[in-house]
Amino acid sequence: MTVERDPDPLVIPPTRTPRLSVLLPLYGRGDLAVSAITAIAETTSIPYEVIVVDNASPDDALDVLTRSARGITLVQNRLNLGFGVAINQAAMRARGELLLLLNSDVVVEPGWLEPLLELLDRDPRLAAVSPALLHEDGTVQELGSVVYADASTQSLLEQSELDQLRPRVVPYVSAACLLVRRRAFAAIGGMDPAYPAGYYEDVELAVDLARRGLRSACDPRARARHLRHGSTSPSRAAALTMHNRPIFASRCADALADAPAPPRVDGPGVRARARAAAAVDRLLVVDDAHHLDAGSGYPRMASFLKRVRARHPAAAITFLVSDLGDRRGARLLAQEGIEVVDCRSELAGQPHGEATPEGAWIAQRAAHWSAIMVSRPHTLEHLRPVIDATQPQAIRVVDVEAIVSRRLRSQARLLQALGDSRAELLWAEAAAEQRREEESWRWADVITCVSDEEAATVEEAVVGAEVVVLPWGVPLTVPAPREGRSGLAFLGGFLSGEDAPNADCVRYIVDDLLPDLSSALPDTSLTIIGSNPTPSVLARASRQVMVAGWVPDAVAALGRHLVHLAPLRFGSGINLKLIDSMAAGTPFITSSIGAEGLHLGDLSEVLVADDPTDLVAKTARLMTDQELWEHVQTRLQEIAGEHFSLAAFDASIDRLMQLLGAVPG
């Protein structure tokens, strides 16, 4: 006769200072509890302890557990006191600053903890956060839940691949796998024992936290599989839910008074309201595209969205674009907690008449947002009718990424000076664009601009306009010294094509300036940095000119060069890449158009020129005069710190959100 031996038991490593306390109630099915604890042991990288409370299991669950695991703190009850009481018993013995409320039928997946810790570290008012709960087959079971005014609840599910990356504040999260700050849990007195056996105590937990101004969230970057009803039957769970629902309704009537009504029908708008039920402030931001590395204002928009999210973590922020680019930037925004919408994919196969996909998507969510921000007049032109018809409650914001009519006029002047016949068409196009821009400004309740100069233009055109300057905010770096740097650089994206300012500037540098610079400085080289270089830019590559294209860190690339040469011949608004140059500690030479909005002051005499001979002379001097170069580097970083720091950017964002009625924090 062969006697089967138990495999080597799991050993929970002892620790005197656990950061995490795992609280696991047990009622039968010891095999499930062993799987749950094993998964914790295999995936948890911080010091932890495991506290199990056995609620008088009706089977051999306790024997199975004690044979299979060592190092567990065990509490035994002679009666089944229910989930909430068992959690409280375990919490009284916990030593960690964080409590993980864990069902015995939940198995966490690798990487479950780190996103939750990141979220808690980012938001001090976040008290409870859950991973995505999955079914056994890996499909989503719950991404948080919503509570309706009749005390019914509904699990929230993901809407897209991007949504599965997005942490979000929710009305409540299931206690099946819930990471809670121990201090917050103690402050509300733990779980209330009013709910026999289980169900609804986690809903009241979220309500109690909210009463103290604390939030609950779900982060789907963390995942756990939940064998729902693994230790009870579906009928028993349904009976407990029905029994406890009126208890919750009577105890939390104040919270239910502000809860949404239960939906009568299903639809995109209903689901959108359910997902945003915890948010007082709901901001929709619309742009025509999102290309993180292409310039054209898109990096500024990404930075704006992330900074708003950081300063208003309880707000629901939705970013709607017609073109997501390579989706890399969209994924980064989603991971910051921003809902990024690929409406063309969401509406695939759905009829939407003459409306654009963006317009149809907005119309499906009538009366949903507290504010709507639209960037670029041509985007608003298509969406204005549907916004007016379906979102009359929203505060209307127009973001002036650039005053394009000014850029067209400066381009027309250049072509006219060069005797180019296209100048006449550009003058007419500029006039038409100005009419469209000013119409969009008059429509808006609030207008945001990139620079003081552009704000002045808007205020002159629309008397009494509410204007907020949202500059480009950059983190200052410790600049690389002059030693080790060499050559010239040009930084700028080329997504807008051959007739845009950046492509023209490169041709001007290589064809008109570089020959004279090479005569003065024979070893001069030029590196062209920026995504989507046009054919004319690529054609100018040579032994002296390197077209690097896109690079993963453009600021670092600038930091390897002596001078950033950017003599733009037409354009409007702030050249964001010159602000990047300030942050990198790389002095630049530019034109009066390129210097707009940069607050250069007396540095303009050294760094700004429009005449080709003057441009060459100032570039050569800056490259060869070490004392001047170091003075310019220092002053540019001072200017960046004063006008273009993240602190200055945040102050502008705060003013805008105040105008939108947003609740701070």
# chains A, B, ... in the order shown; residues from 1 in each chain; ligands from 1

call {"tool": "residues_around", "arguments": {"residues": "Pro25 of chain A", "least_positions_apart": "6", "cutoff": "12 Å", "atoms": "only C-alpha atoms", "output": "mmCIF file with C-alpha atoms, in the first residue's frame"}}
result
data_model
loop_
_atom_site.group_PDB
_atom_site.id
_atom_site.type_symbol
_atom_site.label_atom_id
_atom_site.label_comp_id
_atom_site.auth_asym_id
_atom_site.auth_seq_id
_atom_site.Cartn_x
_atom_site.Cartn_y
_atom_site.Cartn_z
ATOM 1 C CA LEU A 32 -9.526 27.674 -2.982
ATOM 2 C CA ALA A 33 -7.957 29.482 -0.043
ATOM 3 C CA ALA A 36 -5.475 32.364 -3.270
ATOM 4 C CA ILE A 37 -2.641 32.504 -0.726
ATOM 5 C CA VAL A 50 -1.518 36.627 5.855
ATOM 6 C CA ILE A 51 -4.323 36.584 8.426
ATOM 7 C CA VAL A 52 -7.076 33.986 7.954
ATOM 8 C CA VAL A 53 -10.348 34.020 9.891
ATOM 9 C CA ASP A 54 -12.185 30.692 9.739
ATOM 10 C CA ASN A 55 -15.938 31.235 10.044
ATOM 11 C CA ALA A 56 -16.698 27.721 11.354
ATOM 12 C CA SER A 57 -16.163 26.057 7.970
ATOM 13 C CA ALA A 61 -11.224 23.569 4.884
ATOM 14 C CA LEU A 62 -9.235 24.406 7.991
ATOM 15 C CA THR A 73 -1.965 34.000 11.481
ATOM 16 C CA LEU A 74 -5.166 32.034 12.122
ATOM 17 C CA VAL A 75 -8.361 33.095 13.919
ATOM 18 C CA GLN A 76 -11.074 30.473 14.520
ATOM 19 C CA ASN A 77 -14.727 31.335 15.090
ATOM 20 C CA ASN A 80 -20.143 31.907 10.949
ATOM 21 C CA LEU A 81 -20.004 35.604 11.783
ATOM 22 C CA GLY A 82 -20.034 36.710 8.143
ATOM 23 C CA PHE A 83 -17.553 38.350 5.784
ATOM 24 C CA GLY A 84 -17.511 41.828 7.311
ATOM 25 C CA VAL A 85 -17.006 40.738 10.909
ATOM 26 C CA ALA A 86 -14.252 38.333 9.840
ATOM 27 C CA ILE A 87 -12.488 41.148 7.998
ATOM 28 C CA ASN A 88 -12.710 43.328 11.104
ATOM 29 C CA GLN A 89 -11.297 40.534 13.247
ATOM 30 C CA ALA A 90 -8.369 40.137 10.879
ATOM 31 C CA ALA A 91 -7.826 43.900 10.682
ATOM 32 C CA LEU A 100 -5.856 43.561 1.266
ATOM 33 C CA LEU A 101 -9.420 42.338 1.695
ATOM 34 C CA LEU A 102 -9.373 39.037 -0.190
ATOM 35 C CA ASN A 103 -12.009 36.443 -0.945
ATOM 36 C CA SER A 104 -10.826 32.857 -0.732
ATOM 37 C CA ASP A 105 -12.035 32.372 -4.336
ATOM 38 C CA VAL A 106 -9.808 35.113 -5.835
ATOM 39 C CA ALA A 175 -14.267 43.752 -1.474
ATOM 40 C CA ALA A 176 -13.443 40.477 -3.217
ATOM 41 C CA CYS A 177 -9.957 41.880 -3.797
ATOM 42 C CA ALA A 197 -23.192 36.868 6.292
ATOM 43 C CA GLY A 198 -22.163 39.255 3.518
ATOM 44 C CA SER A 231 -17.639 29.270 -1.353
#

call {"tool": "closest_atom_pairs", "arguments": {"of": "segment 299-380 of chain A", "to": "segment 397-407 of chain A", "cutoff": "10 Å", "atoms": "only C-alpha atoms", "output": "CSV"}}
result
residue,atom,partner,partner_atom,distance
A:Arg300,CA,A:Glu401,CA,8.8
A:Met301,CA,A:Glu401,CA,8.8
A:Ala371,CA,A:Val397,CA,7.3
A:Ile372,CA,A:Val397,CA,6.0
A:Met373,CA,A:Val397,CA,4.4
A:Val374,CA,A:Val398,CA,5.1
A:Ser375,CA,A:Asp399,CA,4.6
A:Arg376,CA,A:Val400,CA,6.4
A:Pro377,CA,A:Val398,CA,8.2
A:Leu380,CA,A:Val398,CA,8.3

call {"tool": "write_last_selection", "arguments": {"atoms": "C-alpha atoms", "output": "mmCIF file, in the first residue's frame"}}
result
data_model
loop_
_atom_site.group_PDB
_atom_site.id
_atom_site.type_symbol
_atom_site.label_atom_id
_atom_site.label_comp_id
_atom_site.auth_asym_id
_atom_site.auth_seq_id
_atom_site.Cartn_x
_atom_site.Cartn_y
_atom_site.Cartn_z
ATOM 1 C CA ARG A 300 1.056 70.272 -25.454
ATOM 2 C CA MET A 301 -2.407 68.722 -25.519
ATOM 3 C CA ALA A 371 -17.485 71.254 -19.979
ATOM 4 C CA ILE A 372 -16.386 70.615 -23.559
ATOM 5 C CA MET A 373 -13.051 71.851 -24.901
ATOM 6 C CA VAL A 374 -12.467 71.823 -28.669
ATOM 7 C CA SER A 375 -9.091 72.473 -30.277
ATOM 8 C CA ARG A 376 -8.749 73.892 -33.802
ATOM 9 C CA PRO A 377 -11.545 75.761 -35.661
ATOM 10 C CA LEU A 380 -15.391 72.785 -34.056
#

call {"tool": "select_by_dssp", "arguments": {"residues": "segment 339-546 of chain A", "states": "helix (DSSP H, G or I)", "output": "PyMOL selection string"}}
result
chain A and resi 343-346+357-363+377-390+404-417+423-443+452-461+501-520+535-538

call {"tool": "residues_around", "arguments": {"residues": "Pro110 of chain A", "least_positions_apart": "4", "cutoff": "10 Å", "atoms": "only C-alpha atoms", "output": "PyMOL selection string"}}
result
chain A and resi 39-40+42-44+114+222-224

call {"tool": "atom_distance", "arguments": {"atom1": "atom CA of Ala206 of chain A", "atom2": "atom CA of Ala277 of chain A"}}
result
13.4 Å
